[in-house]
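Note sheet for the following structure.
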There are 2 protein chains.
Amino acid sequence: MSRSGLQKELKKKSAFESLEQEVTLAILRTNDQLQIRFARLFREFGLTTSQYNVLRILRGEGKPLPILEIAERTVTVVPGITGLIDRLEQAGHVKRERCLEDRRVIYVALTDQGKRTLASLDKPVVALHAKVLARLAPSELKELVRLLEKARAAMSEESAD
Amino acid sequence: MSRSGLQKELKKKSAFESLEQEVTLAILRTNDQLQIRFARLFREFGLTTSQYNVLRILRGEGKPLPILEIAERTVTVVPGITGLIDRLEQAGHVKRERCLEDRRVIYVALTDQGKRTLASLDKPVVALHAKVLARLAPSELKELVRLLEKARAAMSEESAD
DNA sequence: TCGAATTAGATGACGCGTAAACTAAACTCG
DNA sequence: CGAGTTTAGTTTACGCGTCATCTAATTCGA
């Protein structure tokens with residue numbers, strides 16, 4: 001690295017253009033760090049974050065759900081859910097069941113293997129949640145939630161203007 | 001990113017397993033909402049968020065940067081940057097310049113078109129930053145930054161254990 | 001009843017993040 | 001000098017989000 005020595009100090013931008021931008025970047029970076037850590041955990045169990053979320057939704061519901069129901073509850077948009085379910089099915093975590101009354105509908109059900117994988121992740125997930133935020137006091141966590149939800153509430157109003 | 005992420009929240013179970021999990025989810029959802037809005041803006045100008053970030057880095061530096069320098073400053077991991085630069089080059093926003101002293105190095109430089117596109121985005125970007133967080137008082141914004149940075153600081157310590 | 005609209009879901013194309021393997025140029029050190 | 005190593009960057013492969021388009025089943029309206 002012949003020349004990168006002096007470039008390094010320039011790397012840190014000291015001045016933000018606005019406080020709002022600073023917040024946006026802080027949220028973005030914090031989210032990235034969280035995602036990385038959870039994705040790493042899920043990968044140890046052969047799952048991606050999206051796949052884990054789908055399994056969680058199915059377990060939470062306690063019964064099979066139509067594919068579009070699942071898509072609705074994730075950030076995933078409709079076309080993406082198909083392949084996601086494909087891979088979960090291929091891995092044996094879920095199975096598709098065609099609805100008899102309305103043959104357009106396809107139910108997705110957790111398999112026993114899916115339930116086992118999910119169960120084995122429960123403790124590590126809770127532990128990771130606690131670990132990544134261990135330095136914040138409960139009062140700070142509550143304040144964080146409050147501020148973030150206030151921000152989001154403002155955004156959803158704004159989108160209807 | 002989905003267009004309908006926020007209506008779904010009503011459907012969410014009200015009971016969280018832990019306060020930490022609630023924070024994680026709040027960060028996640030807020031980030032999603034921010035991403036959606038900015039991505040939408042960038043797309044109007046023919047850019048993705050990643051592409052915009054690269055252009056911003058180049059402008060911020062004020063001079064051409066080696067590809068790996070750019071990758072280092074984004075969340076993008078090395079192999080992903082190649083295609084990203086490819087597309088930016090194809091769209092005429094940047095150009096590649098091989099370094100003469102070290103022929104392994106390829107500099108990426110903003111073109112005039114890239115500068116123009118970036119300039120035309122400046123006002124809308126600032127406006128959107130202000131808009132999405134308009135409901136939060138400056139003291140709240142500062143507190144949000146403080147809490148998020150505290151969380152991230154804890155995470156980066158934890159990762160070295 | 002027949003044709004139009006609607007709905008569930010799949011498909012294909014593209015952008016991007018991630019990991020692994022690879023090429024080419026430069027460096028190191030005996 | 002020459003073999004091994006490091007470094008810059010690309011390629012390939014896969015998962016996923018997004019969009020546009022498609023098919024098949026259902027429903028609705030004249």
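Naming scheme: A, B, ... for chains in displayed order of the structure tokens; residues 1 onward per chain; ligands 1 onward as shown.
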Please determine the contact residues of chain C with respect to chain B at a cut-off of 9 Å, counting only C-alpha atoms (C1' of nucleotides), and supply them as a list in words.
DG15, DC16, DG17, DT18, DA24, DA25 and DA26 of chain C
Preceding selection exported with C-alpha atoms (C1' of nucleotides) as a PDB file, in the first residue's frame:
ATOM      1  C1'  DG C  15     -29.616  -4.647  -9.459  1.00  0.00           C
ATOM      2  C1'  DC C  16     -27.196  -5.756  -5.550  1.00  0.00           C
ATOM      3  C1'  DG C  17     -24.908  -8.227  -1.341  1.00  0.00           C
ATOM      4  C1'  DT C  18     -22.029 -12.167  -0.268  1.00  0.00           C
ATOM      5  C1'  DA C  24      -2.550 -10.271 -13.302  1.00  0.00           C
ATOM      6  C1'  DA C  25       0.611  -7.157 -11.432  1.00  0.00           C
ATOM      7  C1'  DA C  26       3.644  -5.994  -7.774  1.00  0.00           C
TER       8       DA C  26
END
As a compact mmCIF listing (two decimals) with N, CA and C atoms, in the first residue's frame, please: chain A after a least-squares superposition onto chain B using all C-alpha atoms matched in order.
# COMPACT_ATOMS: atom_id res chain seq x y z
N MET A 1 -61.66 -10.20 -1.68
CA MET A 1 -61.00 -10.62 -0.44
C MET A 1 -62.02 -11.21 0.53
N SER A 2 -62.28 -12.48 0.38
CA SER A 2 -63.35 -13.09 1.11
C SER A 2 -63.04 -13.26 2.59
N ARG A 3 -61.81 -13.58 2.89
CA ARG A 3 -61.54 -14.03 4.24
C ARG A 3 -60.49 -13.21 4.97
N SER A 4 -60.00 -12.19 4.33
CA SER A 4 -58.87 -11.49 4.94
C SER A 4 -59.30 -10.46 5.96
N GLY A 5 -60.58 -10.29 6.12
CA GLY A 5 -61.07 -9.27 7.04
C GLY A 5 -60.62 -9.49 8.47
N LEU A 6 -60.80 -10.70 8.96
CA LEU A 6 -60.48 -10.90 10.37
C LEU A 6 -59.02 -11.16 10.60
N GLN A 7 -58.31 -11.51 9.54
CA GLN A 7 -56.89 -11.75 9.73
C GLN A 7 -56.14 -10.45 9.94
N LYS A 8 -56.72 -9.40 9.48
CA LYS A 8 -56.01 -8.14 9.52
C LYS A 8 -55.70 -7.68 10.94
N GLU A 9 -56.64 -7.89 11.83
CA GLU A 9 -56.43 -7.41 13.19
C GLU A 9 -55.36 -8.20 13.91
N LEU A 10 -55.15 -9.43 13.47
CA LEU A 10 -54.13 -10.24 14.10
C LEU A 10 -52.74 -9.80 13.68
N LYS A 11 -52.70 -9.02 12.67
CA LYS A 11 -51.43 -8.71 12.06
C LYS A 11 -50.50 -7.95 12.99
N LYS A 12 -51.08 -7.13 13.83
CA LYS A 12 -50.25 -6.31 14.71
C LYS A 12 -49.88 -7.11 15.94
N LYS A 13 -48.64 -7.46 16.02
CA LYS A 13 -48.17 -8.15 17.21
C LYS A 13 -48.01 -7.13 18.34
N SER A 14 -48.73 -7.33 19.41
CA SER A 14 -48.65 -6.35 20.47
C SER A 14 -47.46 -6.60 21.39
N ALA A 15 -47.13 -7.85 21.61
CA ALA A 15 -46.09 -8.14 22.59
C ALA A 15 -44.73 -8.37 21.93
N PHE A 16 -43.74 -7.60 22.35
CA PHE A 16 -42.38 -7.86 21.91
C PHE A 16 -41.72 -8.78 22.90
N GLU A 17 -40.82 -9.57 22.40
CA GLU A 17 -40.16 -10.50 23.30
C GLU A 17 -39.20 -9.79 24.23
N SER A 18 -38.67 -8.70 23.77
CA SER A 18 -37.75 -7.97 24.62
C SER A 18 -37.64 -6.54 24.12
N LEU A 19 -37.20 -5.70 25.03
CA LEU A 19 -36.99 -4.31 24.65
C LEU A 19 -35.91 -4.20 23.57
N GLU A 20 -34.88 -5.04 23.71
CA GLU A 20 -33.81 -5.00 22.72
C GLU A 20 -34.33 -5.32 21.33
N GLN A 21 -35.20 -6.30 21.27
CA GLN A 21 -35.75 -6.66 19.97
C GLN A 21 -36.57 -5.52 19.40
N GLU A 22 -37.26 -4.84 20.27
CA GLU A 22 -38.07 -3.72 19.82
C GLU A 22 -37.18 -2.63 19.21
N VAL A 23 -36.05 -2.39 19.84
CA VAL A 23 -35.12 -1.40 19.31
C VAL A 23 -34.60 -1.82 17.95
N THR A 24 -34.19 -3.07 17.87
CA THR A 24 -33.66 -3.57 16.60
C THR A 24 -34.67 -3.40 15.49
N LEU A 25 -35.90 -3.76 15.77
CA LEU A 25 -36.93 -3.64 14.74
C LEU A 25 -37.19 -2.18 14.39
N ALA A 26 -37.15 -1.33 15.38
CA ALA A 26 -37.39 0.09 15.12
C ALA A 26 -36.30 0.66 14.21
N ILE A 27 -35.07 0.29 14.49
CA ILE A 27 -33.96 0.75 13.65
C ILE A 27 -34.15 0.23 12.23
N LEU A 28 -34.48 -1.05 12.15
CA LEU A 28 -34.66 -1.68 10.85
C LEU A 28 -35.74 -1.00 10.03
N ARG A 29 -36.87 -0.77 10.64
CA ARG A 29 -37.98 -0.19 9.89
C ARG A 29 -37.71 1.26 9.52
N THR A 30 -37.10 1.98 10.44
CA THR A 30 -36.80 3.37 10.14
C THR A 30 -35.81 3.45 8.99
N ASN A 31 -34.82 2.59 9.05
CA ASN A 31 -33.85 2.54 7.96
C ASN A 31 -34.52 2.23 6.63
N ASP A 32 -35.42 1.27 6.63
CA ASP A 32 -36.13 0.93 5.40
C ASP A 32 -36.85 2.14 4.83
N GLN A 33 -37.54 2.85 5.69
CA GLN A 33 -38.30 4.01 5.22
C GLN A 33 -37.36 5.06 4.62
N LEU A 34 -36.25 5.27 5.28
CA LEU A 34 -35.27 6.23 4.76
C LEU A 34 -34.75 5.78 3.40
N GLN A 35 -34.35 4.53 3.35
CA GLN A 35 -33.80 4.00 2.10
C GLN A 35 -34.76 4.17 0.95
N ILE A 36 -36.02 3.85 1.21
CA ILE A 36 -37.02 3.92 0.15
C ILE A 36 -37.10 5.34 -0.40
N ARG A 37 -37.13 6.32 0.50
CA ARG A 37 -37.30 7.69 0.05
C ARG A 37 -36.08 8.21 -0.71
N PHE A 38 -34.91 7.89 -0.23
CA PHE A 38 -33.72 8.36 -0.93
C PHE A 38 -33.54 7.62 -2.25
N ALA A 39 -33.81 6.33 -2.24
CA ALA A 39 -33.68 5.56 -3.48
C ALA A 39 -34.60 6.14 -4.55
N ARG A 40 -35.78 6.54 -4.12
CA ARG A 40 -36.75 7.10 -5.06
C ARG A 40 -36.21 8.39 -5.68
N LEU A 41 -35.63 9.22 -4.84
CA LEU A 41 -35.05 10.47 -5.34
C LEU A 41 -33.92 10.20 -6.32
N PHE A 42 -33.00 9.32 -5.93
CA PHE A 42 -31.85 9.04 -6.79
C PHE A 42 -32.30 8.47 -8.13
N ARG A 43 -33.33 7.65 -8.07
CA ARG A 43 -33.80 7.00 -9.29
C ARG A 43 -34.32 8.02 -10.30
N GLU A 44 -34.88 9.09 -9.79
CA GLU A 44 -35.34 10.15 -10.71
C GLU A 44 -34.19 10.71 -11.53
N PHE A 45 -33.00 10.58 -10.97
CA PHE A 45 -31.82 11.10 -11.66
C PHE A 45 -31.01 9.96 -12.29
N GLY A 46 -31.62 8.80 -12.39
CA GLY A 46 -30.96 7.68 -13.05
C GLY A 46 -29.89 7.00 -12.24
N LEU A 47 -29.91 7.22 -10.92
CA LEU A 47 -28.89 6.61 -10.08
C LEU A 47 -29.52 5.69 -9.03
N THR A 48 -28.77 4.70 -8.61
CA THR A 48 -29.15 3.94 -7.42
C THR A 48 -28.45 4.58 -6.22
N THR A 49 -28.84 4.17 -5.03
CA THR A 49 -28.21 4.71 -3.83
C THR A 49 -26.71 4.40 -3.81
N SER A 50 -26.36 3.18 -4.16
CA SER A 50 -24.95 2.80 -4.18
C SER A 50 -24.16 3.66 -5.15
N GLN A 51 -24.75 3.88 -6.31
CA GLN A 51 -24.05 4.69 -7.32
C GLN A 51 -23.88 6.11 -6.83
N TYR A 52 -24.91 6.66 -6.23
CA TYR A 52 -24.80 8.01 -5.68
C TYR A 52 -23.69 8.08 -4.64
N ASN A 53 -23.63 7.09 -3.79
CA ASN A 53 -22.60 7.10 -2.75
C ASN A 53 -21.20 7.10 -3.35
N VAL A 54 -21.01 6.33 -4.39
CA VAL A 54 -19.69 6.29 -5.03
C VAL A 54 -19.35 7.67 -5.61
N LEU A 55 -20.32 8.29 -6.26
CA LEU A 55 -20.06 9.61 -6.83
C LEU A 55 -19.73 10.61 -5.72
N ARG A 56 -20.44 10.52 -4.61
CA ARG A 56 -20.18 11.42 -3.49
C ARG A 56 -18.77 11.23 -2.94
N ILE A 57 -18.35 10.00 -2.86
CA ILE A 57 -17.00 9.73 -2.37
C ILE A 57 -15.97 10.34 -3.29
N LEU A 58 -16.18 10.19 -4.60
CA LEU A 58 -15.23 10.72 -5.56
C LEU A 58 -15.18 12.25 -5.49
N ARG A 59 -16.35 12.86 -5.38
CA ARG A 59 -16.36 14.31 -5.28
C ARG A 59 -15.72 14.78 -3.98
N GLY A 60 -16.01 14.06 -2.92
CA GLY A 60 -15.44 14.43 -1.62
C GLY A 60 -13.93 14.38 -1.63
N GLU A 61 -13.39 13.43 -2.35
CA GLU A 61 -11.94 13.29 -2.40
C GLU A 61 -11.32 14.32 -3.32
N GLY A 62 -12.06 14.70 -4.35
CA GLY A 62 -11.56 15.74 -5.25
C GLY A 62 -10.56 15.25 -6.26
N LYS A 63 -10.26 13.98 -6.22
CA LYS A 63 -9.34 13.44 -7.22
C LYS A 63 -9.66 11.96 -7.46
N PRO A 64 -9.20 11.39 -8.57
CA PRO A 64 -9.49 9.99 -8.86
C PRO A 64 -9.02 9.06 -7.75
N LEU A 65 -9.73 7.99 -7.57
CA LEU A 65 -9.40 7.03 -6.54
C LEU A 65 -9.30 5.62 -7.14
N PRO A 66 -8.38 4.81 -6.61
CA PRO A 66 -8.33 3.41 -7.04
C PRO A 66 -9.63 2.71 -6.65
N ILE A 67 -10.02 1.73 -7.41
CA ILE A 67 -11.27 1.03 -7.18
C ILE A 67 -11.36 0.47 -5.76
N LEU A 68 -10.27 -0.10 -5.29
CA LEU A 68 -10.34 -0.70 -3.95
C LEU A 68 -10.48 0.36 -2.86
N GLU A 69 -9.94 1.54 -3.11
CA GLU A 69 -10.14 2.66 -2.19
C GLU A 69 -11.63 2.97 -2.05
N ILE A 70 -12.29 2.97 -3.18
CA ILE A 70 -13.72 3.27 -3.18
C ILE A 70 -14.50 2.20 -2.43
N ALA A 71 -14.19 0.95 -2.74
CA ALA A 71 -14.89 -0.15 -2.09
C ALA A 71 -14.72 -0.07 -0.59
N GLU A 72 -13.53 0.33 -0.17
CA GLU A 72 -13.24 0.40 1.25
C GLU A 72 -14.12 1.41 1.97
N ARG A 73 -14.51 2.44 1.26
CA ARG A 73 -15.27 3.50 1.91
C ARG A 73 -16.77 3.30 1.81
N THR A 74 -17.18 2.31 1.11
CA THR A 74 -18.61 2.01 1.05
C THR A 74 -18.84 0.73 1.82
N VAL A 75 -20.09 0.36 1.94
CA VAL A 75 -20.39 -0.92 2.57
C VAL A 75 -20.12 -2.04 1.57
N THR A 76 -19.97 -1.66 0.31
CA THR A 76 -19.78 -2.62 -0.76
C THR A 76 -18.52 -3.44 -0.57
N VAL A 77 -18.64 -4.71 -0.76
CA VAL A 77 -17.50 -5.60 -0.66
C VAL A 77 -16.83 -5.64 -2.04
N VAL A 78 -15.58 -6.02 -2.07
CA VAL A 78 -14.76 -5.87 -3.27
C VAL A 78 -15.42 -6.32 -4.58
N PRO A 79 -15.89 -7.56 -4.67
CA PRO A 79 -16.36 -8.00 -5.99
C PRO A 79 -17.54 -7.20 -6.50
N GLY A 80 -18.33 -6.66 -5.61
CA GLY A 80 -19.48 -5.91 -6.05
C GLY A 80 -19.16 -4.59 -6.69
N ILE A 81 -18.00 -4.06 -6.34
CA ILE A 81 -17.67 -2.71 -6.80
C ILE A 81 -17.41 -2.70 -8.31
N THR A 82 -16.91 -3.81 -8.82
CA THR A 82 -16.57 -3.85 -10.24
C THR A 82 -17.76 -3.50 -11.12
N GLY A 83 -18.85 -4.21 -10.92
CA GLY A 83 -20.03 -3.97 -11.74
C GLY A 83 -20.62 -2.59 -11.49
N LEU A 84 -20.52 -2.14 -10.25
CA LEU A 84 -21.03 -0.82 -9.92
C LEU A 84 -20.30 0.24 -10.73
N ILE A 85 -18.99 0.14 -10.76
CA ILE A 85 -18.20 1.08 -11.55
C ILE A 85 -18.50 0.91 -13.04
N ASP A 86 -18.66 -0.34 -13.46
CA ASP A 86 -19.03 -0.60 -14.85
C ASP A 86 -20.25 0.22 -15.25
N ARG A 87 -21.30 0.14 -14.41
CA ARG A 87 -22.56 0.82 -14.76
C ARG A 87 -22.41 2.33 -14.70
N LEU A 88 -21.64 2.81 -13.75
CA LEU A 88 -21.41 4.25 -13.68
C LEU A 88 -20.64 4.71 -14.90
N GLU A 89 -19.70 3.89 -15.34
CA GLU A 89 -18.91 4.25 -16.50
C GLU A 89 -19.78 4.22 -17.76
N GLN A 90 -20.59 3.20 -17.85
CA GLN A 90 -21.48 3.06 -18.99
C GLN A 90 -22.46 4.24 -19.08
N ALA A 91 -22.87 4.73 -17.93
CA ALA A 91 -23.79 5.86 -17.91
C ALA A 91 -23.04 7.19 -18.10
N GLY A 92 -21.72 7.12 -18.15
CA GLY A 92 -20.94 8.33 -18.42
C GLY A 92 -20.64 9.18 -17.20
N HIS A 93 -20.87 8.65 -16.01
CA HIS A 93 -20.64 9.44 -14.80
C HIS A 93 -19.19 9.39 -14.33
N VAL A 94 -18.50 8.31 -14.65
CA VAL A 94 -17.10 8.18 -14.26
C VAL A 94 -16.33 7.58 -15.43
N LYS A 95 -15.00 7.65 -15.33
CA LYS A 95 -14.19 6.91 -16.29
C LYS A 95 -13.02 6.24 -15.59
N ARG A 96 -12.59 5.12 -16.17
CA ARG A 96 -11.46 4.38 -15.60
C ARG A 96 -10.17 4.90 -16.21
N GLU A 97 -9.15 4.98 -15.37
CA GLU A 97 -7.83 5.38 -15.87
C GLU A 97 -6.79 4.46 -15.28
N ARG A 98 -6.07 3.78 -16.13
CA ARG A 98 -5.07 2.84 -15.63
C ARG A 98 -3.86 3.62 -15.10
N CYS A 99 -3.38 3.18 -13.95
CA CYS A 99 -2.21 3.82 -13.34
C CYS A 99 -0.96 3.33 -14.05
N LEU A 100 -0.05 4.25 -14.33
CA LEU A 100 1.13 3.88 -15.11
C LEU A 100 2.23 3.26 -14.25
N GLU A 101 2.34 3.73 -13.01
CA GLU A 101 3.41 3.19 -12.15
C GLU A 101 3.11 1.74 -11.74
N ASP A 102 1.85 1.51 -11.39
CA ASP A 102 1.46 0.16 -10.99
C ASP A 102 0.29 -0.26 -11.86
N ARG A 103 0.56 -1.08 -12.82
CA ARG A 103 -0.46 -1.34 -13.82
C ARG A 103 -1.59 -2.23 -13.33
N ARG A 104 -1.54 -2.66 -12.06
CA ARG A 104 -2.70 -3.36 -11.51
C ARG A 104 -3.78 -2.38 -11.10
N VAL A 105 -3.36 -1.17 -10.77
CA VAL A 105 -4.29 -0.18 -10.21
C VAL A 105 -5.09 0.51 -11.30
N ILE A 106 -6.39 0.66 -11.03
CA ILE A 106 -7.24 1.40 -11.95
C ILE A 106 -7.90 2.54 -11.18
N TYR A 107 -7.61 3.76 -11.65
CA TYR A 107 -8.23 4.91 -11.01
C TYR A 107 -9.61 5.16 -11.60
N VAL A 108 -10.50 5.62 -10.73
CA VAL A 108 -11.82 5.99 -11.20
C VAL A 108 -11.97 7.49 -11.01
N ALA A 109 -12.35 8.19 -12.08
CA ALA A 109 -12.46 9.64 -12.02
C ALA A 109 -13.88 10.08 -12.39
N LEU A 110 -14.35 11.11 -11.71
CA LEU A 110 -15.63 11.72 -12.06
C LEU A 110 -15.52 12.38 -13.43
N THR A 111 -16.54 12.24 -14.25
CA THR A 111 -16.59 13.00 -15.49
C THR A 111 -17.38 14.28 -15.24
N ASP A 112 -17.38 15.16 -16.22
CA ASP A 112 -18.17 16.39 -16.08
C ASP A 112 -19.64 16.07 -15.90
N GLN A 113 -20.09 15.08 -16.64
CA GLN A 113 -21.48 14.69 -16.50
C GLN A 113 -21.77 14.19 -15.09
N GLY A 114 -20.86 13.40 -14.55
CA GLY A 114 -21.01 12.93 -13.18
C GLY A 114 -21.12 14.09 -12.22
N LYS A 115 -20.27 15.08 -12.41
CA LYS A 115 -20.29 16.25 -11.53
C LYS A 115 -21.60 17.01 -11.65
N ARG A 116 -22.09 17.12 -12.88
CA ARG A 116 -23.36 17.83 -13.08
C ARG A 116 -24.51 17.10 -12.40
N THR A 117 -24.57 15.79 -12.62
CA THR A 117 -25.64 15.01 -11.99
C THR A 117 -25.62 15.19 -10.48
N LEU A 118 -24.42 15.08 -9.94
CA LEU A 118 -24.25 15.21 -8.50
C LEU A 118 -24.70 16.59 -8.04
N ALA A 119 -24.30 17.60 -8.77
CA ALA A 119 -24.66 18.98 -8.38
C ALA A 119 -26.17 19.18 -8.41
N SER A 120 -26.81 18.59 -9.40
CA SER A 120 -28.26 18.78 -9.50
C SER A 120 -28.99 18.04 -8.39
N LEU A 121 -28.30 17.11 -7.76
CA LEU A 121 -28.93 16.37 -6.67
C LEU A 121 -28.72 17.04 -5.31
N ASP A 122 -27.80 17.97 -5.24
CA ASP A 122 -27.44 18.52 -3.94
C ASP A 122 -28.62 19.11 -3.18
N LYS A 123 -29.32 20.00 -3.84
CA LYS A 123 -30.45 20.64 -3.14
C LYS A 123 -31.54 19.63 -2.76
N PRO A 124 -31.99 18.80 -3.71
CA PRO A 124 -33.01 17.83 -3.34
C PRO A 124 -32.60 16.92 -2.19
N VAL A 125 -31.31 16.55 -2.15
CA VAL A 125 -30.87 15.65 -1.09
C VAL A 125 -30.95 16.34 0.27
N VAL A 126 -30.44 17.55 0.32
CA VAL A 126 -30.52 18.29 1.59
C VAL A 126 -31.98 18.48 1.99
N ALA A 127 -32.81 18.80 1.02
CA ALA A 127 -34.22 19.02 1.31
C ALA A 127 -34.87 17.75 1.85
N LEU A 128 -34.52 16.63 1.26
CA LEU A 128 -35.11 15.38 1.72
C LEU A 128 -34.64 15.03 3.12
N HIS A 129 -33.35 15.24 3.36
CA HIS A 129 -32.84 15.02 4.71
C HIS A 129 -33.64 15.82 5.72
N ALA A 130 -33.87 17.06 5.40
CA ALA A 130 -34.61 17.92 6.32
C ALA A 130 -36.06 17.47 6.45
N LYS A 131 -36.62 17.08 5.32
CA LYS A 131 -38.04 16.74 5.31
C LYS A 131 -38.36 15.50 6.14
N VAL A 132 -37.57 14.46 5.96
CA VAL A 132 -37.90 13.20 6.63
C VAL A 132 -37.72 13.28 8.14
N LEU A 133 -36.96 14.24 8.59
CA LEU A 133 -36.74 14.32 10.04
C LEU A 133 -37.28 15.62 10.62
N ALA A 134 -38.17 16.24 9.85
CA ALA A 134 -38.63 17.57 10.24
C ALA A 134 -39.34 17.60 11.59
N ARG A 135 -39.95 16.49 11.95
CA ARG A 135 -40.73 16.50 13.17
C ARG A 135 -39.90 16.39 14.44
N LEU A 136 -38.63 16.09 14.29
CA LEU A 136 -37.79 15.95 15.47
C LEU A 136 -37.07 17.26 15.77
N ALA A 137 -37.08 17.62 17.02
CA ALA A 137 -36.37 18.82 17.45
C ALA A 137 -34.87 18.58 17.39
N PRO A 138 -34.09 19.65 17.24
CA PRO A 138 -32.63 19.49 17.21
C PRO A 138 -32.10 18.70 18.40
N SER A 139 -32.66 18.94 19.55
CA SER A 139 -32.18 18.20 20.74
C SER A 139 -32.48 16.71 20.58
N GLU A 140 -33.60 16.42 19.96
CA GLU A 140 -33.93 15.00 19.75
C GLU A 140 -33.01 14.38 18.72
N LEU A 141 -32.70 15.14 17.69
CA LEU A 141 -31.78 14.62 16.67
C LEU A 141 -30.42 14.31 17.29
N LYS A 142 -29.97 15.21 18.14
CA LYS A 142 -28.67 14.99 18.77
C LYS A 142 -28.70 13.77 19.68
N GLU A 143 -29.81 13.64 20.38
CA GLU A 143 -29.94 12.48 21.27
C GLU A 143 -29.96 11.18 20.47
N LEU A 144 -30.63 11.23 19.35
CA LEU A 144 -30.71 10.06 18.47
C LEU A 144 -29.31 9.66 18.00
N VAL A 145 -28.56 10.63 17.56
CA VAL A 145 -27.20 10.34 17.11
C VAL A 145 -26.38 9.76 18.26
N ARG A 146 -26.52 10.35 19.41
CA ARG A 146 -25.74 9.89 20.56
C ARG A 146 -26.06 8.42 20.89
N LEU A 147 -27.34 8.11 20.93
CA LEU A 147 -27.74 6.75 21.29
C LEU A 147 -27.31 5.74 20.24
N LEU A 148 -27.47 6.12 18.98
CA LEU A 148 -27.09 5.19 17.92
C LEU A 148 -25.58 4.95 17.92
N GLU A 149 -24.84 6.01 18.18
CA GLU A 149 -23.39 5.82 18.18
C GLU A 149 -22.93 5.02 19.38
N LYS A 150 -23.63 5.19 20.48
CA LYS A 150 -23.31 4.39 21.64
C LYS A 150 -23.57 2.91 21.34
N ALA A 151 -24.68 2.65 20.68
CA ALA A 151 -25.01 1.28 20.32
C ALA A 151 -23.93 0.69 19.41
N ARG A 152 -23.54 1.49 18.43
CA ARG A 152 -22.54 0.98 17.50
C ARG A 152 -21.19 0.77 18.15
N ALA A 153 -20.85 1.67 19.03
CA ALA A 153 -19.56 1.52 19.73
C ALA A 153 -19.55 0.21 20.51
N ALA A 154 -20.66 -0.09 21.16
CA ALA A 154 -20.75 -1.34 21.91
C ALA A 154 -20.61 -2.54 20.97
N MET A 155 -21.23 -2.42 19.81
CA MET A 155 -21.16 -3.53 18.87
C MET A 155 -19.75 -3.79 18.38
N SER A 156 -19.02 -2.73 18.10
CA SER A 156 -17.69 -2.98 17.55
C SER A 156 -16.75 -3.55 18.63
N GLU A 157 -17.00 -3.20 19.88
CA GLU A 157 -16.24 -3.85 20.95
C GLU A 157 -16.58 -5.33 21.00
N GLU A 158 -17.87 -5.56 21.00
CA GLU A 158 -18.38 -6.93 21.12
C GLU A 158 -17.81 -7.84 20.04
N SER A 159 -17.59 -7.30 18.85
CA SER A 159 -17.16 -8.15 17.75
C SER A 159 -15.72 -8.63 17.94
N ALA A 160 -15.02 -8.04 18.89
CA ALA A 160 -13.61 -8.42 19.08
C ALA A 160 -13.44 -9.37 20.26
N ASP A 161 -14.55 -9.96 20.72
CA ASP A 161 -14.37 -10.80 21.91
C ASP A 161 -13.97 -12.22 21.57
Please extract the residues of chain B with a backbone DSSP assignment of strand (DSSP E or B) and present them as a ChimeraX atom specification.
/B:65-66,94-98,106-110
To test your reading of the structure, identify every residue in stretch 97-159 of chain A that backbone DSSP assigns to alpha helix (DSSP H), and report it as a ChimeraX atom specification.
/A:112-132,138-158
Considering only C-alpha atoms (C1' of nucleotides), return as a PyMOL selection string whatever protein or nucleic-acid residues lie within 12 Å of C:DC2, sequence-local ones (same chain, fewer than 3 positions apart) excluded.
chain D and resi 28-30
